[in-house]
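J.: The structure follows.
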Amino acid sequence: MTGQSTAPWIAVTAELATIIDFIRYGASRFSAAGLTFGHSHDNPIDEATHLVLASLHLPPDIPPAYGAGRLTAAERANVLALIERRVSERLPVAYLVGETWFAGLKFKSDRRALVPRSPIAELIESGFAPWLDERHIERALDLCTGSGCIGIAMAEYNPEWRVDIVDISDEALSLARENIAFQHVEGRVEAIRSDLFADVAGRKYDLIVSNPPYVTEDEYAALPGEYAHEPKLGLTSGVDGLDLCLRMLDEAAAHLTDDGLLIVEVGESEHALAALLPEVPFVWIEFKVGPMGVFALERRDLVEHAAAIRAAAAARRPG
């Protein structure tokens with residue numbers, strides 16, 4: 001850098017001193033730049049808080065008194081550089097700091113997989129109530145696992161479960177395996193490379209949970225720049241976002257126990273799915289903030305409506 005280009009940085013660094021100073025400054029920069037907040041946070045203050053605390057290796061729940069803590073010169077320079085990268089490159093904060101939180105747990109996060117985010121976190125934290133109140137769960141599957149956050153969180157909250165996490169992406173699975181080790185669940189969680197159920201033949205689960213790709217091609221084309229840093233494979237699934245979901249519905253019954261349950265997030269594709277299969281009794285789950293495009297479906301309903309599901313799925317297959 002030239003002396004001229006570093007002068008503003010020197011001035012800003014001199015004026016900002018405490019953790020709260022940098023959170024406020026980051027939030028102001030993010031608001032002024034018109035950034036999009038869709039990766040775990042929905043506002044500039046939470047986004048700036050994540051960036052500043054993670055860069056200082058501090059947890060998100062530190063006591064308020066620590067906000068007055070002063071940063072060292074090296075820390076100030078690092079935080080300012082990250083704030084500027086968030087603005088200029090539109091990189092999600094989780095990728096900038098290499099970590100994020102999901103269901104109250106910290107996960108490694110980078111471009112190998114989507115930034116962890118899903119309303120399914122609320123289900124995990126609540127013990128999937130009331131859906132699992134009368135069920136005995138021994139084996140669970142997280143399909144299209146990405147970073148592994150859903151399956152690993154299920155194992156953390158339910159130590160008696162054995163959980164398989166599946167993805168077709170070798171890069172995503174490498175990150176998921178790092179998160180398995182990071183959360184110390186190696187003995188209870190197995191990462192498997194598979195195109196949906198192809199390589200888990202013969203395995204049956206009491207619960208299958210999935211947050212698969214469900215963004216339509218038109219929606220993807222209109223997404224803000226932040227999403228361009230994430231793998232497209234983890235986002236899109238055909239014209240209406242349902243290509244993968246329909247395959248899942250067609251194949252899931254063979255991998256569920258008799259009283260097994262399927263829970264899938266399809267986001268805004270909820271309406272297209274309900275219109276495509278109006279006879280299937282999807283139960284759309286209500287969350288604290290309202291409906292979020294997540295359905296629950298019993299194995300017996302998959303079996304009863306197998307013909308209609310198979311026809312819809314077959315219509316998507318090439319050739």
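Just so we're on the same page: first chain in the structure tokens is A, next is B, and so on; residues restart at 1 for each chain, and ligands are numbered from 1 in the order they show up.
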For segment 159-162 of chain A, find every residue with an atom within 7 Å (counting only C-alpha atoms), except residues of its own chain fewer than 4 positions away, and show them as a list in words.
T.: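 Near segment 159-162 of chain A, the qualifying residues are Ile137, Glu138, Arg139, Ala140, Ala155, Arg188 and Val189 of chain A.
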J.: Fewer than 5 positions away in the same chain doesn't count, so skip those; otherwise give me all residues within 10 Å of segment 226-232 of chain A, counting only C-alpha atoms, as a ChimeraX atom specification.
T.: /A:35-39,86,89-93,95,110-115,146,169,171-172,213,215,220-221,237
J.: Please, which residues of segment 34-151 of chain A, numbered as in this document, come out strand (DSSP E) from DSSP, as a PyMOL selection string?
T.: chain A and resi 99-102+105-108+139-143
J.: Any idea what the distance is between atom CA of Gly241 of chain A and atom CA of Arg299 of chain A?
T.: 22.6 Å
J.: Could you check which of A:Ala14, A:Ala307, A:Ala191, A:Ile19 is closest to Pro64 of chain A, using only C-alpha atoms?
T.: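 Using only C-alpha atoms, Pro64 of chain A sits closest to A:Ile19.
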J.: Rounded to one decimal place, report the atom CA of Ser118 of chain A-atom CA of Lys106 of chain A distance in Å.
T.: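 Separation of atom CA of Ser118 of chain A and atom CA of Lys106 of chain A: 14.5 Å.
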J.: With a distance cut-off of 12 Å and only C-alpha atoms, select the neighbouring residues of Leu71 of chain A, excluding the residue or stretch itself and same-chain residues fewer than 2 positions from it, and output the selection as a list in words.
T.: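 Everything that qualifies: Thr13, Ala14, Glu15, Leu16, Ala17, Thr18, Ile19, Ile20, Asp21, Phe22, Ile23, Val52, Leu53, Ser55, Leu56, Tyr66, Gly67, Ala68, Gly69, Ala73, Ala74, Glu75, Arg76, Ala77, Asn78, Val79 and Leu80 of chain A.
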J.: Using Å and a single decimal, report how far atom CA of Pro44 of chain A sits from atom CA of Glu84 of chain A.
T.: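 Going from atom CA of Glu84 of chain A over to atom CA of Pro44 of chain A, I get 13.9 Å.
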J.: Give the answer as one residue: which of A:Ala296, A:Ile168, A:Ala32, A:Ala272 has the shortest atom-to-atom distance to Val239 of chain A, using only C-alpha atoms?
T.: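 Once distances to Val239 of chain A are computed over only C-alpha atoms, the minimum belongs to A:Ala272.
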J.: What lies within 9 Å of Met154 of chain A using only C-alpha atoms, ignoring chain neighbours under 4 positions off, as a VMD selection string?
T.: chain A and resid 124 to 125 127 140 142 149 to 150 158 to 159 161 163
J.: Show me, as a ChimeraX atom specification, the residues that have an atom within 10 Å of Phe197 of chain A when counting only C-alpha atoms, minus same-chain residues fewer than 5 positions from it.
T.: /A:143,166-167,202-203,247-248,251-252,254-255
J.: Among segment 45-79 of chain A, which residues does DSSP mark as helix (DSSP H, G or I) when it is run on the backbone? Keep the chain and numbering as in the structure and answer as a ChimeraX atom specification.
T.: /A:45-55,64-68,73-79
J.: Nearest residue to Gly98 of chain A out of A:Ser126, A:Asn179, A:Asn43, A:Thr236, using only C-alpha atoms?
T.: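 Residue with the minimum atom-to-atom distance to Gly98 of chain A: A:Asn179.
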J.: I want to know what sits within 12 Å of Glu304 of chain A, based on only C-alpha atoms, with residues of the same chain fewer than 5 positions away left out; could you give that as a VMD selection string?
T.: chain A and resid 249 to 250 253 279 to 281 297 to 299 309 to 310
J.: Could you write out that same residue set with all heavy atoms as an mmCIF file, in the first residue's frame?
T.:
data_model
loop_
_atom_site.group_PDB
_atom_site.id
_atom_site.type_symbol
_atom_site.label_atom_id
_atom_site.label_comp_id
_atom_site.auth_asym_id
_atom_site.auth_seq_id
_atom_site.Cartn_x
_atom_site.Cartn_y
_atom_site.Cartn_z
ATOM 1 N N LEU A 249 -38.302 -38.190 -2.422
ATOM 2 C CA LEU A 249 -39.622 -38.716 -2.077
ATOM 3 C C LEU A 249 -39.852 -40.092 -2.693
ATOM 4 O O LEU A 249 -40.449 -40.975 -2.072
ATOM 5 C CB LEU A 249 -40.707 -37.747 -2.548
ATOM 6 C CG LEU A 249 -40.836 -36.426 -1.781
ATOM 7 C CD1 LEU A 249 -41.756 -35.469 -2.533
ATOM 8 C CD2 LEU A 249 -41.354 -36.674 -0.372
ATOM 9 N N ASP A 250 -39.358 -40.272 -3.903
ATOM 10 C CA ASP A 250 -39.540 -41.542 -4.610
ATOM 11 C C ASP A 250 -38.749 -42.675 -3.954
ATOM 12 O O ASP A 250 -39.187 -43.825 -3.947
ATOM 13 C CB ASP A 250 -39.113 -41.369 -6.069
ATOM 14 C CG ASP A 250 -39.403 -42.589 -6.923
ATOM 15 O OD1 ASP A 250 -40.349 -43.341 -6.601
ATOM 16 O OD2 ASP A 250 -38.688 -42.792 -7.913
ATOM 17 N N ALA A 253 -38.906 -44.211 1.050
ATOM 18 C CA ALA A 253 -39.634 -45.273 1.766
ATOM 19 C C ALA A 253 -38.788 -46.527 1.931
ATOM 20 O O ALA A 253 -38.861 -47.208 2.967
ATOM 21 C CB ALA A 253 -40.935 -45.599 1.040
ATOM 22 N N GLU A 279 -52.370 -34.611 -3.570
ATOM 23 C CA GLU A 279 -52.947 -35.695 -2.781
ATOM 24 C C GLU A 279 -52.028 -36.178 -1.664
ATOM 25 O O GLU A 279 -52.449 -36.921 -0.772
ATOM 26 C CB GLU A 279 -53.304 -36.876 -3.701
ATOM 27 C CG GLU A 279 -52.105 -37.581 -4.317
ATOM 28 C CD GLU A 279 -51.589 -36.933 -5.597
ATOM 29 O OE1 GLU A 279 -51.676 -35.697 -5.741
ATOM 30 O OE2 GLU A 279 -51.074 -37.678 -6.444
ATOM 31 N N VAL A 280 -50.761 -35.775 -1.694
ATOM 32 C CA VAL A 280 -49.814 -36.215 -0.667
ATOM 33 C C VAL A 280 -49.992 -35.335 0.576
ATOM 34 O O VAL A 280 -49.955 -34.105 0.485
ATOM 35 C CB VAL A 280 -48.368 -36.125 -1.188
ATOM 36 C CG1 VAL A 280 -47.374 -36.495 -0.082
ATOM 37 C CG2 VAL A 280 -48.182 -37.041 -2.394
ATOM 38 N N PRO A 281 -50.189 -35.952 1.762
ATOM 39 C CA PRO A 281 -50.495 -35.161 2.976
ATOM 40 C C PRO A 281 -49.261 -34.568 3.650
ATOM 41 O O PRO A 281 -48.922 -34.896 4.798
ATOM 42 C CB PRO A 281 -51.183 -36.197 3.876
ATOM 43 C CG PRO A 281 -50.541 -37.500 3.514
ATOM 44 C CD PRO A 281 -50.285 -37.412 2.021
ATOM 45 N N LEU A 297 -43.316 -35.974 6.678
ATOM 46 C CA LEU A 297 -44.125 -36.959 5.967
ATOM 47 C C LEU A 297 -43.810 -38.346 6.512
ATOM 48 O O LEU A 297 -42.640 -38.722 6.635
ATOM 49 C CB LEU A 297 -43.819 -36.899 4.469
ATOM 50 C CG LEU A 297 -44.803 -37.576 3.506
ATOM 51 C CD1 LEU A 297 -46.196 -36.962 3.617
ATOM 52 C CD2 LEU A 297 -44.295 -37.454 2.066
ATOM 53 N N GLU A 298 -44.864 -39.099 6.825
ATOM 54 C CA GLU A 298 -44.692 -40.452 7.346
ATOM 55 C C GLU A 298 -44.346 -41.424 6.221
ATOM 56 O O GLU A 298 -44.762 -41.234 5.070
ATOM 57 C CB GLU A 298 -45.993 -40.921 8.014
ATOM 58 C CG GLU A 298 -46.493 -40.041 9.144
ATOM 59 C CD GLU A 298 -45.762 -40.316 10.441
ATOM 60 O OE1 GLU A 298 -44.953 -41.274 10.493
ATOM 61 O OE2 GLU A 298 -46.002 -39.567 11.421
ATOM 62 N N ARG A 299 -43.622 -42.484 6.565
ATOM 63 C CA ARG A 299 -43.301 -43.503 5.572
ATOM 64 C C ARG A 299 -44.576 -44.088 4.963
ATOM 65 O O ARG A 299 -44.641 -44.317 3.750
ATOM 66 C CB ARG A 299 -42.470 -44.630 6.191
ATOM 67 C CG ARG A 299 -42.128 -45.724 5.170
ATOM 68 C CD ARG A 299 -41.446 -46.928 5.796
ATOM 69 N NE ARG A 299 -41.067 -47.894 4.768
ATOM 70 C CZ ARG A 299 -41.876 -48.843 4.290
ATOM 71 N NH1 ARG A 299 -43.131 -48.928 4.734
ATOM 72 N NH2 ARG A 299 -41.456 -49.662 3.348
ATOM 73 N N ILE A 309 -46.021 -40.078 -6.712
ATOM 74 C CA ILE A 309 -44.668 -39.555 -6.490
ATOM 75 C C ILE A 309 -43.720 -40.048 -7.554
ATOM 76 O O ILE A 309 -42.933 -39.281 -8.140
ATOM 77 C CB ILE A 309 -44.170 -39.961 -5.079
ATOM 78 C CG1 ILE A 309 -44.978 -39.232 -4.013
ATOM 79 C CG2 ILE A 309 -42.678 -39.651 -4.945
ATOM 80 C CD1 ILE A 309 -44.728 -39.732 -2.594
ATOM 81 N N ARG A 310 -43.808 -41.346 -7.877
ATOM 82 C CA ARG A 310 -42.919 -41.916 -8.880
ATOM 83 C C ARG A 310 -43.144 -41.275 -10.250
ATOM 84 O O ARG A 310 -42.188 -41.017 -11.004
ATOM 85 C CB ARG A 310 -43.105 -43.435 -8.947
ATOM 86 C CG ARG A 310 -42.137 -44.141 -9.895
ATOM 87 C CD ARG A 310 -41.922 -45.585 -9.486
ATOM 88 N NE ARG A 310 -41.275 -45.674 -8.201
ATOM 89 C CZ ARG A 310 -41.731 -46.411 -7.175
ATOM 90 N NH1 ARG A 310 -42.848 -47.096 -7.299
ATOM 91 N NH2 ARG A 310 -41.078 -46.431 -6.037
#
J.: For Pro60 of chain A, find every residue with an atom within 8 Å (counting only C-alpha atoms), except residues of its own chain fewer than 4 positions away, and show them as a JSON list (two decimals) with N, CA, C and O atoms, in the first residue's frame.
T.:
[["chain", "number", "residue", "atom", "x", "y", "z"],
["A", 49, "THR", "N", -21.28, -8.21, 14.61],
["A", 49, "THR", "CA", -20.94, -8.88, 15.88],
["A", 49, "THR", "C", -20.25, -10.21, 15.62],
["A", 49, "THR", "O", -19.23, -10.55, 16.25],
["A", 50, "HIS", "N", -20.80, -10.98, 14.68],
["A", 50, "HIS", "CA", -20.19, -12.26, 14.31],
["A", 50, "HIS", "C", -18.77, -12.05, 13.82],
["A", 50, "HIS", "O", -17.83, -12.74, 14.25],
["A", 53, "LEU", "N", -16.34, -10.64, 16.86],
["A", 53, "LEU", "CA", -16.06, -11.60, 17.94],
["A", 53, "LEU", "C", -15.30, -12.81, 17.42],
["A", 53, "LEU", "O", -14.37, -13.29, 18.07],
["A", 54, "ALA", "N", -15.69, -13.32, 16.25],
["A", 54, "ALA", "CA", -14.99, -14.49, 15.72],
["A", 54, "ALA", "C", -13.54, -14.16, 15.38],
["A", 54, "ALA", "O", -12.64, -14.97, 15.61]]
J.: With only C-alpha atoms as the basis for distance, which of A:Leu244, A:Leu141, A:Leu132, A:Ala308 is at the shortest distance from Pro278 of chain A?
T.: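 The shortest atom-to-atom distance to Pro278 of chain A comes from A:Ala308.
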